[in-house]
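> Structure supplied as structure.txt; contents: compact mmCIF, C-alpha atoms.
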```
# COMPACT_ATOMS: atom_id res chain seq x y z
CA MET A 901 14.88 18.21 12.57
CA ASP A 902 15.59 14.53 13.26
CA TRP A 903 13.73 13.12 10.25
CA LEU A 904 14.66 9.51 11.01
CA ARG A 905 13.23 9.78 14.51
CA LEU A 906 10.03 11.34 13.15
CA LYS A 907 9.72 8.66 10.45
CA ASN A 908 10.21 5.84 12.96
CA HIS A 909 7.66 7.41 15.29
CA LEU A 910 5.05 7.78 12.52
CA ASP A 911 5.71 4.19 11.38
CA ARG A 912 5.48 2.76 14.88
CA TYR A 913 2.20 4.46 15.74
CA LEU A 914 0.63 4.30 12.27
CA PRO A 915 -2.49 2.34 13.33
CA LEU A 916 -3.06 4.79 16.20
CA TYR A 917 -2.73 7.87 14.01
CA VAL A 918 -4.94 6.36 11.30
CA THR A 919 -7.62 5.64 13.90
CA LEU A 920 -7.35 9.15 15.36
CA SER A 921 -7.56 10.65 11.87
CA MET A 922 -10.69 8.61 11.18
CA ILE A 923 -12.33 9.71 14.44
CA ALA A 924 -11.40 13.37 14.00
CA GLY A 925 -12.56 13.44 10.38
CA PHE A 926 -15.82 11.70 11.27
CA TYR A 927 -16.51 14.16 14.11
CA VAL A 928 -15.89 17.22 11.94
CA GLY A 929 -17.89 15.80 9.05
CA VAL A 930 -20.94 15.06 11.21
CA HIS A 931 -21.00 18.52 12.79
CA ALA A 932 -19.95 20.73 9.86
CA ASN A 933 -21.78 21.76 6.69
CA LEU A 934 -19.31 20.93 3.93
CA LYS A 935 -21.51 21.55 0.87
CA PRO A 936 -20.32 25.15 0.30
CA TYR A 937 -16.71 23.92 0.29
CA HIS A 938 -17.09 21.09 -2.24
CA GLU A 939 -14.72 22.56 -4.85
CA THR A 940 -12.22 23.70 -2.23
CA LEU A 941 -12.11 20.22 -0.72
CA LYS A 942 -11.66 18.68 -4.17
CA THR A 943 -8.59 20.86 -4.75
CA LEU A 944 -7.32 20.17 -1.23
CA ASN A 945 -7.67 16.43 -1.77
CA MET A 946 -5.49 16.60 -4.88
CA LEU A 947 -2.84 18.72 -3.15
CA VAL A 948 -2.66 16.30 -0.23
CA VAL A 949 -2.51 13.34 -2.62
CA ILE A 950 0.50 14.91 -4.34
CA SER A 951 2.15 15.62 -0.97
CA MET A 952 1.75 11.93 -0.14
CA ILE A 953 2.77 10.23 -3.40
CA TYR A 954 5.57 12.48 -4.66
CA PRO A 955 7.90 12.19 -1.61
CA MET A 956 7.40 8.42 -1.65
CA MET A 957 8.71 8.25 -5.22
CA ILE A 958 11.94 10.13 -4.37
CA ASN A 959 13.16 7.04 -2.48
CA LEU A 960 12.22 4.66 -5.32
CA ARG A 961 15.44 3.31 -6.86
CA VAL A 962 14.32 2.64 -10.42
CA GLY A 963 17.94 2.05 -11.42
CA GLU A 964 17.80 -1.34 -9.71
CA LEU A 965 15.59 -2.62 -12.56
CA LYS A 966 18.74 -3.51 -14.54
CA ASN A 967 19.45 -6.30 -12.06
CA SER A 968 16.06 -7.98 -12.51
CA ALA A 969 17.00 -10.48 -15.23
CA LYS A 970 18.98 -12.75 -12.91
CA LEU A 971 16.06 -12.96 -10.46
CA TRP A 972 13.35 -13.80 -12.98
CA LYS A 973 11.88 -16.67 -10.93
CA GLN A 974 11.47 -14.64 -7.76
CA LEU A 975 10.19 -11.62 -9.70
CA THR A 976 7.63 -13.69 -11.59
CA ILE A 977 6.23 -15.24 -8.41
CA ALA A 978 6.13 -11.94 -6.49
CA LEU A 979 4.56 -9.94 -9.31
CA PHE A 980 2.04 -12.67 -10.10
CA MET A 981 1.06 -12.83 -6.44
CA GLY A 982 0.89 -9.06 -6.00
CA LEU A 983 -0.80 -8.10 -9.24
CA VAL A 984 -2.88 -11.19 -10.15
CA LEU A 985 -3.54 -13.49 -7.20
CA SER A 986 -4.04 -10.72 -4.60
CA PRO A 987 -7.14 -9.31 -6.33
CA LEU A 988 -8.53 -12.83 -6.76
CA ILE A 989 -8.00 -13.65 -3.06
CA MET A 990 -9.76 -10.41 -2.08
CA TYR A 991 -12.58 -11.15 -4.54
CA ALA A 992 -13.08 -14.56 -2.91
CA SER A 993 -12.97 -12.91 0.54
CA VAL A 994 -15.64 -10.43 -0.50
CA LEU A 995 -17.85 -13.23 -1.84
CA LEU A 996 -17.45 -15.02 1.50
CA VAL A 997 -18.51 -11.97 3.52
CA ASN A 998 -21.25 -11.15 1.01
CA SER A 999 -22.78 -14.57 1.60
CA PHE A 1000 -23.43 -13.52 5.22
CA HIS A 1001 -24.07 -9.80 4.77
CA PRO A 1002 -24.56 -7.97 1.43
CA MET A 1003 -22.02 -5.16 0.90
CA ASN A 1004 -22.31 -1.85 -0.91
CA HIS A 1005 -20.92 -2.22 -4.44
CA LEU A 1006 -18.67 0.84 -4.19
CA LEU A 1007 -17.37 -0.47 -0.87
CA VAL A 1008 -16.56 -3.78 -2.56
CA LEU A 1009 -14.71 -1.98 -5.36
CA GLY A 1010 -12.80 -0.05 -2.70
CA LEU A 1011 -11.69 -3.32 -1.11
CA LEU A 1012 -10.55 -4.61 -4.48
CA LEU A 1013 -8.81 -1.32 -5.22
CA ALA A 1014 -6.95 -1.69 -1.90
CA VAL A 1015 -5.21 -4.83 -3.19
CA VAL A 1016 -4.79 -4.14 -6.92
CA VAL A 1017 -2.47 -1.20 -6.24
CA PRO A 1018 1.32 -1.69 -6.13
CA CYS A 1019 3.16 -2.53 -2.94
CA SER A 1020 4.33 0.14 -0.52
CA SER A 1021 7.93 1.25 -0.28
CA MET A 1022 7.49 0.40 3.43
CA SER A 1023 7.72 -3.20 2.22
CA ILE A 1024 11.43 -2.59 1.72
CA ALA A 1025 11.75 -1.56 5.37
CA TYR A 1026 9.93 -4.71 6.52
CA THR A 1027 12.28 -6.75 4.35
CA GLY A 1028 15.26 -5.12 6.01
CA PHE A 1029 13.90 -5.75 9.51
CA THR A 1030 13.72 -9.49 8.74
CA LYS A 1031 17.20 -9.65 7.10
CA GLY A 1032 15.60 -10.21 3.71
CA ASN A 1033 16.92 -9.39 0.22
CA LEU A 1034 16.67 -5.57 -0.02
CA GLU A 1035 17.82 -5.43 -3.64
CA LEU A 1036 15.07 -7.85 -4.70
CA ALA A 1037 12.46 -5.93 -2.69
CA THR A 1038 13.49 -2.68 -4.38
CA ILE A 1039 13.23 -4.21 -7.84
CA ILE A 1040 9.75 -5.60 -7.11
CA VAL A 1041 8.54 -2.21 -5.84
CA ALA A 1042 9.83 -0.46 -8.96
CA LEU A 1043 8.35 -3.03 -11.34
CA SER A 1044 5.02 -3.08 -9.48
CA PHE A 1045 4.56 0.66 -9.88
CA THR A 1046 5.50 0.42 -13.55
CA LEU A 1047 3.05 -2.42 -14.27
CA ALA A 1048 0.30 -0.64 -12.28
CA ILE A 1049 -0.36 1.50 -15.36
CA VAL A 1050 -2.00 -1.56 -16.92
CA THR A 1051 -3.08 -3.77 -14.03
CA VAL A 1052 -4.99 -1.27 -11.89
CA PRO A 1053 -7.33 0.06 -14.63
CA GLY A 1054 -7.67 -3.46 -16.04
CA TRP A 1055 -8.72 -5.11 -12.79
CA LEU A 1056 -11.04 -2.28 -11.76
CA LYS A 1057 -12.75 -2.34 -15.13
CA VAL A 1058 -13.33 -6.11 -14.80
CA PHE A 1059 -14.59 -5.89 -11.22
CA ALA A 1060 -16.76 -2.82 -11.92
CA ALA A 1061 -18.43 -4.65 -14.80
CA SER A 1062 -19.17 -7.66 -12.57
CA TYR A 1063 -20.85 -5.36 -10.03
CA HIS A 1064 -22.58 -3.26 -12.71
CA VAL A 1065 -20.81 -0.07 -11.64
CA PRO A 1066 -19.94 2.23 -14.58
CA ILE A 1067 -16.26 3.22 -14.51
CA SER A 1068 -14.47 4.87 -17.42
CA ALA A 1069 -11.31 3.01 -18.41
CA TRP A 1070 -9.80 6.27 -19.68
CA LEU A 1071 -10.58 7.97 -16.37
CA LEU A 1072 -8.70 5.23 -14.53
CA VAL A 1073 -5.71 5.42 -16.88
CA LYS A 1074 -5.65 9.23 -16.56
CA THR A 1075 -5.85 8.92 -12.78
CA ILE A 1076 -2.93 6.46 -12.70
CA LEU A 1077 -0.90 8.85 -14.85
CA ILE A 1078 -1.67 11.75 -12.50
CA VAL A 1079 -1.16 10.08 -9.13
CA VAL A 1080 1.50 7.46 -9.96
CA ILE A 1081 3.43 8.11 -13.18
CA VAL A 1082 3.88 11.90 -12.96
CA PRO A 1083 5.00 11.76 -9.29
CA MET A 1084 7.29 8.84 -10.19
CA VAL A 1085 9.00 10.83 -12.96
CA LEU A 1086 9.29 13.91 -10.72
CA GLY A 1087 10.51 11.74 -7.83
CA VAL A 1088 13.27 10.13 -9.91
CA ALA A 1089 14.31 13.55 -11.23
CA THR A 1090 14.34 15.01 -7.70
CA ARG A 1091 16.42 12.10 -6.39
CA HIS A 1092 18.96 12.59 -9.18
CA TYR A 1093 19.11 16.35 -8.53
CA LEU A 1094 19.54 15.99 -4.76
CA ILE A 1095 22.29 13.38 -5.09
CA SER A 1096 24.12 15.53 -7.65
CA ARG A 1097 23.93 18.56 -5.34
CA MET A 1098 24.37 16.93 -1.91
CA GLY A 1099 26.19 13.71 -2.69
CA SER A 1100 25.07 10.24 -1.63
CA GLU A 1101 25.85 10.84 2.05
CA GLY A 1102 23.94 14.11 2.12
CA PHE A 1103 20.95 12.46 0.45
CA LEU A 1104 21.00 9.61 2.96
CA ARG A 1105 20.75 12.14 5.80
CA ILE A 1106 17.53 13.65 4.48
CA ARG A 1107 16.05 10.47 2.96
CA PRO A 1108 13.87 9.67 6.04
CA ALA A 1109 12.11 13.03 5.52
CA PHE A 1110 10.31 11.78 2.41
CA PRO A 1111 8.42 8.81 3.92
CA ALA A 1112 7.68 10.99 6.96
CA VAL A 1113 6.01 13.60 4.73
CA SER A 1114 4.16 10.80 2.89
CA LEU A 1115 2.83 9.42 6.16
CA LEU A 1116 1.65 12.87 7.28
CA GLY A 1117 -0.07 13.22 3.91
CA MET A 1118 -1.74 9.84 4.37
CA TYR A 1119 -3.11 10.83 7.79
CA ALA A 1120 -4.47 14.01 6.22
CA ILE A 1121 -6.11 12.00 3.42
CA VAL A 1122 -7.75 9.64 5.95
CA PHE A 1123 -9.06 12.68 7.84
CA LEU A 1124 -10.50 14.21 4.65
CA ILE A 1125 -12.10 10.95 3.50
CA PHE A 1126 -13.91 10.36 6.78
CA MET A 1127 -14.85 14.02 7.07
CA GLU A 1128 -16.46 14.04 3.62
CA LYS A 1129 -18.17 10.65 4.09
CA ALA A 1130 -19.07 11.07 7.77
CA ARG A 1131 -22.82 11.41 7.24
CA VAL A 1132 -22.92 8.39 4.94
CA ILE A 1133 -21.05 6.34 7.56
CA ALA A 1134 -23.25 7.69 10.35
CA GLY A 1135 -26.29 6.47 8.45
CA LYS A 1136 -24.71 3.01 8.03
CA PRO A 1137 -22.11 2.54 10.79
CA GLU A 1138 -21.58 -1.10 9.87
CA ILE A 1139 -19.72 0.01 6.70
CA VAL A 1140 -16.32 0.25 8.39
CA GLY A 1141 -16.67 -2.92 10.46
CA LEU A 1142 -17.90 -4.88 7.46
CA ALA A 1143 -14.99 -3.72 5.30
CA LEU A 1144 -12.48 -5.00 7.86
CA LEU A 1145 -13.60 -8.63 7.56
CA PRO A 1146 -12.43 -9.29 3.95
CA LEU A 1147 -9.14 -7.55 4.80
CA VAL A 1148 -8.53 -9.94 7.70
CA VAL A 1149 -9.27 -12.92 5.43
CA TYR A 1150 -7.00 -11.53 2.69
CA TYR A 1151 -3.93 -11.05 4.90
CA THR A 1152 -4.38 -14.39 6.67
CA VAL A 1153 -4.67 -16.33 3.41
CA SER A 1154 -1.98 -14.38 1.52
CA LEU A 1155 0.75 -14.60 4.16
CA THR A 1156 0.08 -18.31 4.73
CA PHE A 1157 0.01 -19.02 0.99
CA MET A 1158 3.29 -17.20 0.25
CA THR A 1159 5.06 -18.91 3.14
CA LEU A 1160 4.00 -22.40 2.05
CA LEU A 1161 4.54 -21.73 -1.66
CA ASN A 1162 8.05 -20.28 -1.37
CA ARG A 1163 9.10 -23.02 1.04
CA ALA A 1164 7.81 -25.68 -1.35
CA LEU A 1165 9.53 -24.08 -4.37
CA GLY A 1166 12.88 -23.87 -2.60
CA ILE A 1167 13.04 -20.07 -2.61
CA SER A 1168 15.71 -18.86 -0.18
CA TYR A 1169 14.63 -17.30 3.12
CA ARG A 1170 16.02 -13.85 2.20
CA ASP A 1171 14.24 -13.83 -1.15
CA HIS A 1172 11.05 -15.14 0.47
CA MET A 1173 10.85 -12.18 2.84
CA ALA A 1174 11.38 -9.70 0.01
CA MET A 1175 8.75 -11.42 -2.14
CA THR A 1176 6.18 -11.73 0.65
CA PHE A 1177 6.20 -8.16 1.96
CA THR A 1178 6.20 -6.65 -1.53
CA SER A 1179 3.42 -8.86 -2.89
CA VAL A 1180 1.08 -9.05 0.14
CA GLY A 1181 1.56 -5.54 1.52
CA LYS A 1182 -0.27 -2.79 -0.35
CA ASN A 1183 0.11 0.94 -0.81
CA GLU A 1184 -3.13 2.18 0.74
CA GLY A 1185 -2.08 5.79 0.06
CA THR A 1186 -1.99 5.17 -3.69
CA ALA A 1187 -5.36 3.40 -3.54
CA MET A 1188 -6.94 6.34 -1.70
CA ALA A 1189 -5.39 8.75 -4.17
CA ILE A 1190 -6.80 6.85 -7.15
CA ALA A 1191 -10.31 6.71 -5.66
CA LEU A 1192 -10.32 10.41 -4.76
CA ALA A 1193 -8.79 11.57 -8.03
CA ALA A 1194 -11.43 9.55 -9.91
CA GLY A 1195 -14.17 11.21 -7.84
CA MET A 1196 -15.27 8.01 -6.06
CA GLY A 1197 -15.09 8.89 -2.37
CA MET A 1198 -16.91 5.81 -1.08
CA MET A 1199 -14.29 3.61 -2.74
CA ALA A 1200 -11.62 5.41 -0.70
CA ILE A 1201 -12.98 4.17 2.65
CA PRO A 1202 -11.58 0.59 2.51
CA PRO A 1203 -8.05 1.73 1.58
CA ALA A 1204 -8.29 4.30 4.38
CA ILE A 1205 -8.93 1.61 7.00
CA THR A 1206 -6.52 -0.94 5.46
CA PRO A 1207 -3.62 0.09 7.77
CA ILE A 1208 -5.72 -0.98 10.78
CA VAL A 1209 -5.43 -4.57 9.51
CA GLN A 1210 -2.33 -4.49 7.32
CA ILE A 1211 0.08 -3.06 9.89
CA PRO A 1212 -0.64 -5.59 12.69
CA PHE A 1213 -0.41 -8.50 10.24
CA LEU A 1214 2.86 -7.38 8.60
CA VAL A 1215 4.46 -6.23 11.84
CA GLY A 1216 3.43 -9.56 13.39
CA TYR A 1217 5.14 -11.35 10.49
CA VAL A 1218 8.24 -9.23 11.11
CA LYS A 1219 8.28 -10.16 14.80
CA MET A 1220 8.02 -13.87 13.85
CA TRP A 1221 10.98 -13.74 11.46
CA ARG A 1222 13.22 -15.99 13.56
CA LYS A 1223 10.54 -18.68 13.71
CA ILE A 1224 9.92 -18.30 9.98
CA ALA A 1225 13.67 -18.58 9.33
CA GLY A 1226 13.46 -21.86 11.24
CA LEU A 1227 11.16 -23.22 8.53
CA TRP A 1228 14.06 -22.66 6.12
CA LYS A 1229 16.42 -24.26 8.67
CA CYS A 1230 18.29 -20.98 8.99
CA ARG A 1231 20.27 -19.98 12.04
CA VAL A 1232 20.73 -16.37 13.16
CA LEU A 1233 24.36 -15.29 13.26
CA GLU A 1234 25.64 -12.72 15.75
CA GLU A 1235 25.35 -9.90 13.24
CA GLY A 1236 21.74 -10.91 12.58
CA THR A 1237 22.11 -12.38 9.08
CA PRO A 1238 20.25 -15.65 8.43
CA SER A 1239 22.44 -18.51 7.26
CA VAL A 1240 21.52 -22.03 6.22
CA SER A 1241 22.74 -24.39 8.95
```
In structure tokens, what does this structure look like?


Amino acid sequence: MDWLRLKNHLDRYLPLYVTLSMIAGFYVGVHANLKPYHETLKTLNMLVVISMIYPMMINLRVGELKNSAKLWKQLTIALFMGLVLSPLIMYASVLLVNSFHPMNHLLVLGLLLAVVVPCSSMSIAYTGFTKGNLELATIIVALSFTLAIVTVPGWLKVFAASYHVPISAWLLVKTILIVVIVPMVLGVATRHYLISRMGSEGFLRIRPAFPAVSLLGMYAIVFLIFMEKARVIAGKPEIVGLALLPLVVYYTVSLTFMTLLNRALGISYRDHMAMTFTSVGKNEGTAMAIALAAGMGMMAIPPAITPIVQIPFLVGYVKMWRKIAGLWKCRVLEEGTPSVS
């Protein structure tokens, strides 16, 4: 099988497949009686979550962490933006929308969950498309997942308290361990095993298979979420549309802020692209997994629809990379590498 072709196809049509998964899940959920299958679906959810997170971790190059010391400035800005400012920007966006139309508290927590999770490994691909610093992007992804053990439960506990929603801190920590840390350890071990058996070239040939499997798992998760919550959504159809508004505000503000900030601080263009995609882009699959593993299905809806907004914004930023490079007074050489003119 041509895994690279499949991966590129799934990446390119991600918003379409997410939308189709939502529609299919909603249709099945409205017309089927799912109550007798509650326990079966719970087990299925966990299996699909594992099929989505574990392959993603195989491509995570944790070994790059040793190079982080020399990039402390860029790392500090990117991690602060991704793990601290992102939740605050989304919180402000939610307050803005709430001032016009009150939102369900679990829906709000789902929106906040969608941005407190680490960045997606797809951020590395976006960085590559724009001739950014791939090494820096890889380091940020690895550090983000590591720090998520503390930041995700911490932020959700703070936000849940502000909305008077009871959430067990231990449950969140246990969930992070199950859906992030264990797959990360297994992923690193699998990567080491495959490289030792197949060699680096052999591993590179099959590497596109892992994100492809993760994407298929994500579509399955979206289907299951909307199938299980179909009747709730049917009773309040404005839920999905309302959740999209804070996401639009978040991506507009975050991308603009990072562009202006990095330009003002004199961060290089290549580092800027790595920092922006890894701090603004979010791993909606991990967010859905956390919500489902913690037994909070309504919270999984915002992360499920996040790709509908996130992909157009980030792909749009990718397509504008030459204009953005112009802000750094970079010129594009024949081989496509930005250089200060």

> Which residue is closest to A:Pro1212? Choose from A:Leu904, A:Pro1146, A:Ile1039, A:Tyr913 and count all atoms listed in the file.

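Ranking A:Leu904, A:Pro1146, A:Ile1039, A:Tyr913 by distance to A:Pro1212, first place goes to A:Tyr913.
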
> What's around A:Thr1030 at 10 Å? Count all atoms listed in the file, leave out sequence neighbours fewer than 2 positions away in its own chain, and write the answer as a PyMOL selection string.

chain A and resi 1025-1028+1032-1033+1169-1170+1173-1174+1217-1222+1224-1225+1236-1238

> Restrict the selected residues to C-alpha atoms and save them as a PDB file, in the frame of the given file.


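Saved to out31.pdb:
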```pdb
ATOM      1  CA  ALA A1025      11.750  -1.560   5.370  1.00  0.00           C
ATOM      2  CA  TYR A1026       9.930  -4.710   6.520  1.00  0.00           C
ATOM      3  CA  THR A1027      12.280  -6.750   4.350  1.00  0.00           C
ATOM      4  CA  GLY A1028      15.260  -5.120   6.010  1.00  0.00           C
ATOM      5  CA  GLY A1032      15.600 -10.210   3.710  1.00  0.00           C
ATOM      6  CA  ASN A1033      16.920  -9.390   0.220  1.00  0.00           C
ATOM      7  CA  TYR A1169      14.630 -17.300   3.120  1.00  0.00           C
ATOM      8  CA  ARG A1170      16.020 -13.850   2.200  1.00  0.00           C
ATOM      9  CA  MET A1173      10.850 -12.180   2.840  1.00  0.00           C
ATOM     10  CA  ALA A1174      11.380  -9.700   0.010  1.00  0.00           C
ATOM     11  CA  TYR A1217       5.140 -11.350  10.490  1.00  0.00           C
ATOM     12  CA  VAL A1218       8.240  -9.230  11.110  1.00  0.00           C
ATOM     13  CA  LYS A1219       8.280 -10.160  14.800  1.00  0.00           C
ATOM     14  CA  MET A1220       8.020 -13.870  13.850  1.00  0.00           C
ATOM     15  CA  TRP A1221      10.980 -13.740  11.460  1.00  0.00           C
ATOM     16  CA  ARG A1222      13.220 -15.990  13.560  1.00  0.00           C
ATOM     17  CA  ILE A1224       9.920 -18.300   9.980  1.00  0.00           C
ATOM     18  CA  ALA A1225      13.670 -18.580   9.330  1.00  0.00           C
ATOM     19  CA  GLY A1236      21.740 -10.910  12.580  1.00  0.00           C
ATOM     20  CA  THR A1237      22.110 -12.380   9.080  1.00  0.00           C
ATOM     21  CA  PRO A1238      20.250 -15.650   8.430  1.00  0.00           C
TER      22      PRO A1238
END
```

> Atom CA of A:Leu941 and atom CA of A:Lys1129 are how many Å apart?

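These two atoms are separated by 12.3 Å.
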
> Please compute the atom CA of A:Ile1081-atom CA of A:Ile1208 distance, one decimal, in Å.

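A separation of 27.2 Å between them.
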
> Find, counting only C-alpha atoms, the residue in A:Leu1161, A:Met1098, A:Ile953, A:Leu975 that gets nearest to A:Ile1121.

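The shortest atom-to-atom distance to A:Ile1121 comes from A:Ile953.
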
> Which distance in Å separates atom CA of A:Leu1007 and atom CA of A:Pro1111, to one decimal?

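Atom CA of A:Pro1111 lies at a distance of 27.8 Å from atom CA of A:Leu1007.
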
> Between A:Ala1089, A:Val1113, A:Val1041, A:Leu910, which residue has the minimum interatomic distance to A:Leu983, considering all atoms listed in the file?

A:Val1041

> Which of these residues is nearest to A:Leu1006, using all atoms listed in the file: A:Ala1060, A:Leu1214, A:Leu916, A:Leu1145?

A:Ala1060
